[in-house]
$ cat model.txt   # compact mmCIF, C-alpha atoms
# COMPACT_ATOMS: atom_id res chain seq x y z
CA MET A 27 0.00 0.00 0.00
CA THR A 28 1.46 3.35 -1.02
CA GLN A 29 2.11 6.16 1.43
CA GLY A 30 -0.46 8.41 -0.25
CA ARG A 31 -3.19 5.79 0.08
CA ILE A 32 -2.36 5.25 3.75
CA ALA A 33 -2.54 9.00 4.35
CA PHE A 34 -5.95 9.13 2.64
CA LEU A 35 -7.32 6.25 4.71
CA LEU A 36 -6.12 7.87 7.92
CA GLY A 37 -7.66 11.19 6.98
CA ALA A 38 -10.92 9.72 5.62
CA PRO A 39 -12.81 9.75 8.97
CA ALA A 40 -12.01 13.42 9.51
CA LEU A 41 -12.95 14.27 5.93
CA ALA A 42 -16.24 12.36 6.25
CA LEU A 43 -17.07 14.13 9.51
CA MET A 44 -16.30 17.53 7.94
CA LEU A 45 -18.53 16.66 5.00
CA VAL A 46 -21.45 15.65 7.23
CA ILE A 47 -21.36 18.45 9.82
CA LEU A 48 -20.00 21.32 7.72
CA ILE A 49 -20.23 21.02 3.94
CA LEU A 50 -23.64 19.32 3.61
CA PRO A 51 -25.47 21.79 5.93
CA ILE A 52 -24.02 24.72 3.98
CA LEU A 53 -25.13 23.18 0.68
CA ALA A 54 -28.57 22.50 2.15
CA ALA A 55 -28.88 26.14 3.27
CA VAL A 56 -27.89 27.35 -0.21
CA VAL A 57 -30.51 25.15 -1.86
CA LEU A 58 -33.25 26.09 0.61
CA SER A 59 -32.51 29.80 0.15
CA PHE A 60 -33.95 29.52 -3.38
CA THR A 61 -37.23 27.98 -2.15
CA ASP A 62 -40.23 28.89 0.01
CA TYR A 63 -39.76 25.82 2.23
CA SER A 64 -41.32 25.71 5.71
CA LEU A 65 -41.05 22.94 8.29
CA GLY A 66 -44.05 20.61 8.10
CA ALA A 67 -45.07 21.73 4.62
CA ALA A 68 -46.08 19.04 2.16
CA GLY A 69 -43.77 20.43 -0.50
CA LEU A 70 -41.72 23.38 -1.58
CA THR A 71 -41.65 25.78 -4.51
CA TRP A 72 -38.55 26.99 -6.28
CA VAL A 73 -38.63 30.81 -6.07
CA GLY A 74 -35.19 31.63 -7.41
CA LEU A 75 -33.75 34.94 -6.17
CA GLU A 76 -37.04 36.11 -4.65
CA ASN A 77 -35.83 35.64 -1.06
CA TYR A 78 -32.69 37.68 -1.75
CA ALA A 79 -34.74 40.38 -3.46
CA ARG A 80 -36.92 40.59 -0.34
CA ILE A 81 -33.84 41.00 1.86
CA PHE A 82 -32.38 43.85 -0.17
CA GLY A 83 -35.73 45.46 -0.96
CA SER A 84 -37.40 45.47 2.46
CA SER A 85 -36.88 48.16 5.08
CA THR A 86 -36.85 45.49 7.80
CA TYR A 87 -33.86 43.72 6.31
CA GLU A 88 -32.20 47.05 5.56
CA LYS A 89 -32.37 47.75 9.30
CA MET A 90 -30.87 44.30 9.89
CA LEU A 91 -27.89 45.10 7.69
CA VAL A 92 -27.40 48.54 9.26
CA ALA A 93 -27.65 47.20 12.82
CA THR A 94 -25.22 44.37 12.09
CA ALA A 95 -22.71 46.67 10.41
CA THR A 96 -22.95 49.16 13.30
CA TYR A 97 -22.46 46.46 15.91
CA VAL A 98 -19.46 44.88 14.17
CA ALA A 99 -17.84 48.25 13.42
CA ALA A 100 -18.15 49.30 17.08
CA VAL A 101 -17.38 46.06 18.90
CA VAL A 102 -14.41 44.75 16.89
CA PRO A 103 -12.00 47.73 17.21
CA ALA A 104 -13.07 48.53 20.77
CA SER A 105 -12.63 45.00 22.10
CA ILE A 106 -9.29 44.59 20.31
CA GLY A 107 -8.00 47.95 21.54
CA LEU A 108 -9.08 47.33 25.13
CA GLY A 109 -7.70 43.80 25.03
CA LEU A 110 -4.32 45.04 23.85
CA GLY A 111 -4.30 47.88 26.38
CA ALA A 112 -5.20 45.57 29.25
CA ALA A 113 -2.48 43.11 28.20
CA LEU A 114 0.16 45.85 28.10
CA LEU A 115 -0.89 47.18 31.51
CA ILE A 116 -0.89 43.74 33.12
CA GLN A 117 2.50 42.92 31.64
CA SER A 118 3.93 46.10 33.16
CA LEU A 119 2.70 45.21 36.68
CA SER A 120 5.13 43.83 39.21
CA ARG A 121 2.31 42.74 41.57
CA GLY A 122 -1.30 41.69 41.18
CA ALA A 123 -1.06 40.59 37.54
CA ALA A 124 -2.89 37.31 38.23
CA PHE A 125 -5.70 39.17 39.99
CA TYR A 126 -6.33 41.54 37.09
CA LYS A 127 -6.14 38.69 34.60
CA SER A 128 -8.92 36.93 36.50
CA VAL A 129 -11.04 40.09 36.78
CA TYR A 130 -10.81 40.95 33.08
CA PHE A 131 -11.33 37.34 31.98
CA LEU A 132 -14.34 36.77 34.27
CA PRO A 133 -16.94 38.03 31.71
CA VAL A 134 -15.56 35.55 29.19
CA MET A 135 -15.98 32.61 31.57
CA ALA A 136 -19.42 33.67 32.77
CA THR A 137 -22.50 32.55 30.85
CA LEU A 138 -23.50 35.41 28.57
CA LEU A 139 -27.20 34.58 28.96
CA ALA A 140 -27.00 35.02 32.76
CA MET A 141 -24.87 38.14 32.46
CA THR A 142 -27.34 39.65 30.00
CA ILE A 143 -30.16 39.15 32.52
CA VAL A 144 -28.03 40.98 35.08
CA TRP A 145 -27.47 43.84 32.63
CA GLN A 146 -31.21 43.92 31.96
CA MET A 147 -31.86 44.49 35.66
CA MET A 148 -29.09 47.09 35.95
CA LEU A 149 -30.47 49.05 32.98
CA HIS A 150 -34.07 49.06 34.21
CA PRO A 151 -35.40 52.65 33.85
CA THR A 152 -36.66 52.98 37.46
CA ILE A 153 -35.04 50.37 39.71
CA GLY A 154 -31.83 49.76 37.75
CA VAL A 155 -28.54 50.65 39.41
CA VAL A 156 -27.39 52.63 36.35
CA ASN A 157 -30.22 55.17 36.41
CA ARG A 158 -30.20 55.30 40.21
CA SER A 159 -26.50 56.15 40.11
CA LEU A 160 -27.18 58.86 37.54
CA LEU A 161 -29.91 60.30 39.77
CA ALA A 162 -27.50 60.37 42.70
CA VAL A 163 -24.90 62.20 40.61
CA CYS A 164 -27.48 64.63 39.26
CA GLY A 165 -28.47 65.46 42.83
CA VAL A 166 -25.18 67.25 43.41
CA LEU A 167 -24.87 68.89 39.99
CA PRO A 168 -26.22 72.35 39.09
CA GLU A 169 -29.83 72.48 37.93
CA GLY A 170 -30.28 72.07 34.20
CA VAL A 171 -27.17 69.95 33.65
CA CYS A 172 -28.96 66.60 33.83
CA PRO A 173 -31.99 65.63 31.73
CA ASP A 174 -35.46 65.77 33.24
CA GLN A 175 -35.99 62.09 32.57
CA MET A 176 -33.48 59.26 32.88
CA PRO A 177 -32.63 57.41 29.67
CA LEU A 178 -34.60 54.38 28.56
CA TRP A 179 -31.52 52.34 27.76
CA LEU A 180 -33.39 49.39 26.30
CA GLY A 181 -36.50 51.19 25.05
CA ASP A 182 -34.96 54.03 23.04
CA ARG A 183 -33.59 53.29 19.58
CA ASN A 184 -30.87 55.89 20.10
CA TYR A 185 -29.47 53.92 23.06
CA ALA A 186 -30.39 50.28 22.38
CA ILE A 187 -27.75 49.46 19.77
CA TRP A 188 -24.99 51.16 21.77
CA VAL A 189 -25.96 49.34 24.96
CA THR A 190 -25.70 46.09 23.01
CA CYS A 191 -22.29 47.13 21.67
CA PHE A 192 -21.10 47.97 25.18
CA ILE A 193 -22.13 44.55 26.49
CA GLY A 194 -20.39 42.91 23.53
CA VAL A 195 -17.14 44.77 24.25
CA TRP A 196 -17.40 44.08 27.98
CA GLN A 197 -17.88 40.38 27.35
CA GLY A 198 -15.24 39.94 24.66
CA PHE A 199 -12.18 42.04 25.36
CA GLY A 200 -10.92 39.74 28.15
CA PHE A 201 -10.45 36.93 25.64
CA ASN A 202 -8.41 39.22 23.41
CA MET A 203 -6.36 40.26 26.43
CA VAL A 204 -5.32 36.65 27.06
CA LEU A 205 -4.33 36.20 23.41
CA TYR A 206 -2.25 39.38 23.47
CA LEU A 207 -0.59 38.34 26.73
CA ALA A 208 0.45 35.13 25.00
CA GLY A 209 1.79 37.15 22.08
CA LEU A 210 3.68 39.54 24.37
CA SER A 211 5.37 36.63 26.12
CA GLY A 212 6.96 35.70 22.80
CA VAL A 213 8.56 39.11 22.17
CA SER A 214 12.30 38.85 22.80
CA ARG A 215 13.71 41.23 25.41
CA GLU A 216 16.79 41.60 23.22
CA LEU A 217 14.72 43.46 20.65
CA TYR A 218 13.91 46.20 23.17
CA GLY A 219 17.60 46.53 24.04
CA ALA A 220 18.52 46.81 20.37
CA ALA A 221 15.79 49.38 19.78
CA GLU A 222 16.98 51.44 22.75
CA MET A 223 20.53 51.41 21.36
CA ASP A 224 19.10 52.68 18.06
CA GLY A 225 17.46 55.64 19.82
CA ALA A 226 14.02 54.32 20.82
CA ARG A 227 13.91 55.82 24.30
CA SER A 228 10.22 56.39 25.00
CA GLY A 229 7.62 53.72 25.67
CA TRP A 230 5.65 54.74 22.59
CA GLU A 231 8.69 54.32 20.33
CA ARG A 232 9.40 50.86 21.77
CA PHE A 233 5.79 49.88 21.24
CA ARG A 234 5.67 51.25 17.69
CA LEU A 235 9.02 49.81 16.56
CA VAL A 236 9.16 46.51 18.48
CA THR A 237 5.96 45.43 20.24
CA TRP A 238 3.39 46.15 17.56
CA PRO A 239 5.30 44.58 14.63
CA ALA A 240 5.95 41.48 16.77
CA LEU A 241 2.23 41.25 17.62
CA ARG A 242 0.97 41.40 14.05
CA PRO A 243 0.53 37.62 13.68
CA THR A 244 -1.38 37.62 16.99
CA THR A 245 -3.43 40.60 15.81
CA THR A 246 -4.37 38.71 12.65
CA PHE A 247 -5.83 35.87 14.71
CA VAL A 248 -7.48 38.23 17.22
CA LEU A 249 -9.04 40.31 14.46
CA ILE A 250 -10.53 37.31 12.67
CA THR A 251 -11.90 35.62 15.81
CA THR A 252 -13.33 38.87 17.19
CA PHE A 253 -14.97 39.66 13.88
CA ILE A 254 -16.61 36.23 13.69
CA ARG A 255 -17.80 36.42 17.32
CA ALA A 256 -19.33 39.84 16.68
CA PHE A 257 -21.29 38.49 13.71
CA GLN A 258 -22.50 35.55 15.80
CA THR A 259 -24.05 37.66 18.57
CA PHE A 260 -27.47 36.33 19.48
CA ASP A 261 -27.92 35.82 23.24
CA THR A 262 -27.86 39.52 24.12
CA VAL A 263 -30.50 40.47 21.56
CA GLU A 264 -32.69 37.49 22.45
CA VAL A 265 -32.75 38.34 26.16
CA LEU A 266 -32.95 42.13 25.97
CA PHE A 267 -34.99 42.75 22.82
CA SER A 268 -37.04 39.67 22.00
CA PRO A 269 -39.43 39.66 20.27
CA GLY A 270 -38.89 42.24 17.58
CA GLY A 271 -35.17 43.06 17.72
CA GLY A 272 -35.36 46.21 19.80
CA PRO A 273 -37.18 49.54 19.34
CA SER A 274 -37.76 50.14 15.63
CA LYS A 275 -35.62 47.03 15.02
CA SER A 276 -32.51 49.03 15.86
CA VAL A 277 -30.82 45.88 17.25
CA TYR A 278 -32.07 43.45 14.60
CA LEU A 279 -28.76 41.61 14.13
CA MET A 280 -28.33 38.95 11.44
CA MET A 281 -28.07 35.96 13.77
CA PHE A 282 -31.26 37.02 15.56
CA ALA A 283 -32.98 37.55 12.20
CA ILE A 284 -32.02 34.01 11.14
CA TYR A 285 -33.55 32.64 14.35
CA GLU A 286 -36.71 34.75 14.09
CA LYS A 287 -37.43 33.99 10.43
CA GLY A 288 -36.26 30.40 10.28
CA ILE A 289 -37.41 29.13 13.70
CA VAL A 290 -40.04 31.43 15.21
CA GLN A 291 -41.90 32.32 12.01
CA ASN A 292 -41.01 29.03 10.23
CA LEU A 293 -39.91 30.87 7.08
CA VAL A 294 -37.04 28.49 6.40
CA GLY A 295 -36.42 29.78 2.87
CA ILE A 296 -35.86 33.40 3.89
CA GLY A 297 -33.94 32.27 6.97
CA ALA A 298 -31.64 30.20 4.77
CA ALA A 299 -31.11 33.19 2.47
CA ILE A 300 -30.03 35.34 5.42
CA THR A 301 -27.76 32.50 6.53
CA VAL A 302 -26.08 32.40 3.12
CA LEU A 303 -25.52 36.17 3.19
CA PHE A 304 -24.14 35.78 6.70
CA LEU A 305 -21.65 33.12 5.59
CA ILE A 306 -20.60 35.10 2.51
CA SER A 307 -20.08 38.28 4.54
CA VAL A 308 -18.02 36.56 7.22
CA MET A 309 -15.93 34.62 4.72
CA ALA A 310 -15.24 37.60 2.44
CA LEU A 311 -14.30 40.01 5.22
CA THR A 312 -12.24 37.36 7.02
CA LEU A 313 -10.22 36.60 3.89
CA LEU A 314 -9.75 40.32 3.24
CA GLN A 315 -8.57 40.99 6.78
CA ARG A 316 -6.25 38.01 6.73
CA ARG A 317 -4.69 39.09 3.44
CA LEU A 318 -4.16 42.68 4.62
CA THR A 319 -2.77 41.82 8.05
CA GLU A 320 -0.59 38.92 6.93
CA ARG A 321 0.89 41.02 4.16
CA ARG A 322 2.05 43.54 6.74
CA ALA A 323 3.19 40.85 9.16

$ encode --input "model.txt" --output "structure tokens"
Amino acid sequence: MTQGRIAFLLGAPALALMLVILILPILAAVVLSFTDYSLGAAGLTWVGLENYARIFGSSTYEKMLVATATYVAAVVPASIGLGLGAALLIQSLSRGAAFYKSVYFLPVMATLLAMTIVWQMMLHPTIGVVNRSLLAVCGVLPEGVCPDQMPLWLGDRNYAIWVTCFIGVWQGFGFNMVLYLAGLSGVSRELYGAAEMDGARSGWERFRLVTWPALRPTTTFVLITTFIRAFQTFDTVEVLFSPGGGPSKSVYLMMFAIYEKGIVQNLVGIGAAITVLFLISVMALTLLQRRLTERRA
């Protein structure tokens, strides 16, 4: 038996598993996106691009695309920046580094569903600790500085999407911090000495000339994983804004739309079409980011 045939036989179980749990479901979603299929229906009708036309021609799905783009654009850079900043601060500590690692990583370990319920209670307009704290602060400020009415964090379209983004950053930046700490541990101390001999005296110059270039491979991985996690956000919207996706559908993210259309409303065809757009968007932007960051690295 040749070496190539042996390698194929050894890899066949993994290939078969990938085909069953990854490739076939994607192909099934693509096929269903061109139909009007619903669970329990006696049959299905081939509708072609009608589902995609509905997505790009309806104001509801336009809000979905805007909300998703806003969430990703806000959460990804903020969670990466905070993760890198926290990693640099912890690395510079001589004491208490393990404590701060645990504190920042705690939201990652906690169940997001439970934490979202806690945030829901904290953001309650009357009994929530956030508005009560604002009232306490306003009590000592000059009259006219604070608004007459406390914000409706979850009931106002101007706040809802940004509250969701804040929770996403709070929950995700600790994971990025751990990845950056691992990357920082691989930066040779000799590089800093060489940079200092070449005139890099300040901390910013050492970061710009040594730390950041050395972290580019780590940043590539962090960027891709953070981007995918942002697109996959569902729990927060389901707990805080279900049903409907928030006031005026301002938090109608793609993953929630897939669940609402495909599961709740049993519109499997339109849900599959949104799923296909979701996969295409994630794949295209991931490949673009990887090409750009790896070229620099």

$ residues_near_point --input "model.txt" --point "(-33.8, 36.5, 2.6)" --cutoff "10 Å" --atoms "all atoms listed in the file" --output "PyMOL selection string"
chain A and resi 59-60+75-84+87+283-284+287+293-303

$ axis_aligned_box --input "model.txt" --around "region 274-287 of chain A" --padding-each-side "6 Å" --output "AutoDock Vina command-line options"
--center_x -32.9 --center_y 41.4 --center_z 13.8 --size_x 21.7 --size_y 29.5 --size_z 18.8

$ atom_distance --input "model.txt" --atom1 "CA of Ala140 (chain A)" --atom2 "CA of Ala99 (chain A)"
25.2 Å

$ residues_around --input "model.txt" --residues "region 305-308 of chain A" --least-positions-apart "4" --cutoff "12 Å" --atoms "all atoms listed in the file" --output "PDB file with C-alpha atoms, in the frame of the given file"
ATOM      1  CA  PRO A  51     -25.470  21.790   5.930  1.00  0.00           C
ATOM      2  CA  ILE A  52     -24.020  24.720   3.980  1.00  0.00           C
ATOM      3  CA  LEU A  53     -25.130  23.180   0.680  1.00  0.00           C
ATOM      4  CA  ALA A  55     -28.880  26.140   3.270  1.00  0.00           C
ATOM      5  CA  VAL A  56     -27.890  27.350  -0.210  1.00  0.00           C
ATOM      6  CA  LEU A  91     -27.890  45.100   7.690  1.00  0.00           C
ATOM      7  CA  THR A  94     -25.220  44.370  12.090  1.00  0.00           C
ATOM      8  CA  ALA A  95     -22.710  46.670  10.410  1.00  0.00           C
ATOM      9  CA  VAL A  98     -19.460  44.880  14.170  1.00  0.00           C
ATOM     10  CA  ILE A 250     -10.530  37.310  12.670  1.00  0.00           C
ATOM     11  CA  THR A 251     -11.900  35.620  15.810  1.00  0.00           C
ATOM     12  CA  THR A 252     -13.330  38.870  17.190  1.00  0.00           C
ATOM     13  CA  PHE A 253     -14.970  39.660  13.880  1.00  0.00           C
ATOM     14  CA  ILE A 254     -16.610  36.230  13.690  1.00  0.00           C
ATOM     15  CA  ARG A 255     -17.800  36.420  17.320  1.00  0.00           C
ATOM     16  CA  ALA A 256     -19.330  39.840  16.680  1.00  0.00           C
ATOM     17  CA  PHE A 257     -21.290  38.490  13.710  1.00  0.00           C
ATOM     18  CA  GLN A 258     -22.500  35.550  15.800  1.00  0.00           C
ATOM     19  CA  MET A 280     -28.330  38.950  11.440  1.00  0.00           C
ATOM     20  CA  MET A 281     -28.070  35.960  13.770  1.00  0.00           C
ATOM     21  CA  ILE A 284     -32.020  34.010  11.140  1.00  0.00           C
ATOM     22  CA  ALA A 298     -31.640  30.200   4.770  1.00  0.00           C
ATOM     23  CA  ALA A 299     -31.110  33.190   2.470  1.00  0.00           C
ATOM     24  CA  ILE A 300     -30.030  35.340   5.420  1.00  0.00           C
ATOM     25  CA  THR A 301     -27.760  32.500   6.530  1.00  0.00           C
ATOM     26  CA  THR A 312     -12.240  37.360   7.020  1.00  0.00           C
ATOM     27  CA  LEU A 313     -10.220  36.600   3.890  1.00  0.00           C
ATOM     28  CA  LEU A 314      -9.750  40.320   3.240  1.00  0.00           C
ATOM     29  CA  GLN A 315      -8.570  40.990   6.780  1.00  0.00           C
ATOM     30  CA  ARG A 316      -6.250  38.010   6.730  1.00  0.00           C
TER      31      ARG A 316
END

$ residues_around --input "model.txt" --residues "Trp230 (chain A)" --least-positions-apart "6" --cutoff "12 Å" --atoms "only C-alpha atoms" --output "tab-separated table (two decimals) with C-alpha atoms, keeping the file's coordinate frame"
chain	number	residue	atom	x	y	z
A	114	LEU	CA	0.16	45.85	28.10
A	218	TYR	CA	13.91	46.20	23.17
A	221	ALA	CA	15.79	49.38	19.78
A	222	GLU	CA	16.98	51.44	22.75
A	236	VAL	CA	9.16	46.51	18.48
A	237	THR	CA	5.96	45.43	20.24
A	238	TRP	CA	3.39	46.15	17.56

$ closest_residue --input "model.txt" --among "A:Gly288, A:Gly181, A:Gly270, A:Gly194" --to "Leu138 (chain A)" --atoms "only C-alpha atoms"
A:Gly194

$ atom_distance --input "model.txt" --atom1 "CA of Pro273 (chain A)" --atom2 "CA of Ile187 (chain A)"
9.4 Å

$ atom_distance --input "model.txt" --atom1 "CA of Ala40 (chain A)" --atom2 "CA of Phe247 (chain A)"
23.9 Å

$ closest_residue --input "model.txt" --among "A:Val101, A:Met90, A:Leu318, A:Ala112" --to "Ser128 (chain A)" --atoms "only C-alpha atoms"
A:Ala112

$ closest_residue --input "model.txt" --among "A:Leu205, A:Val277, A:Leu41, A:Leu48" --to "Thr262 (chain A)" --atoms "only C-alpha atoms"
A:Val277

$ closest_residue --input "model.txt" --among "A:Phe201, A:Phe267, A:Phe304, A:Trp72" --to "Lys127 (chain A)" --atoms "only C-alpha atoms"
A:Phe201

$ closest_residue --input "model.txt" --among "A:Gln117, A:Thr96, A:Ser276, A:Thr137" --to "Ala208 (chain A)" --atoms "all atoms listed in the file"
A:Gln117

$ residues_around --input "model.txt" --residues "Gly154 (chain A)" --least-positions-apart "5" --cutoff "12 Å" --atoms "all atoms listed in the file" --output "list in words"
Ile143, Val144, Trp145, Gln146, Met147, Met148, Leu149, Ser159, Leu160, Leu161, Met176, Pro177, Leu178, Trp179 and Leu180 of chain A

$ closest_residue --input "model.txt" --among "A:Thr61, A:Ser274, A:Ser85, A:Thr142" --to "Trp196 (chain A)" --atoms "only C-alpha atoms"
A:Thr142

$ residues_around --input "model.txt" --residues "region 210-216 of chain A" --least-positions-apart "6" --cutoff "12 Å" --atoms "only C-alpha atoms" --output "MDAnalysis selection string"
chainID A and resid 110:118 203:204 222:223 232:233 236:245

$ residues_near_point --input "model.txt" --point "(-14.9, 40.2, 30.9)" --cutoff "10 Å" --atoms "all atoms listed in the file" --output "MDAnalysis selection string"
chainID A and resid 109 127:136 193:203
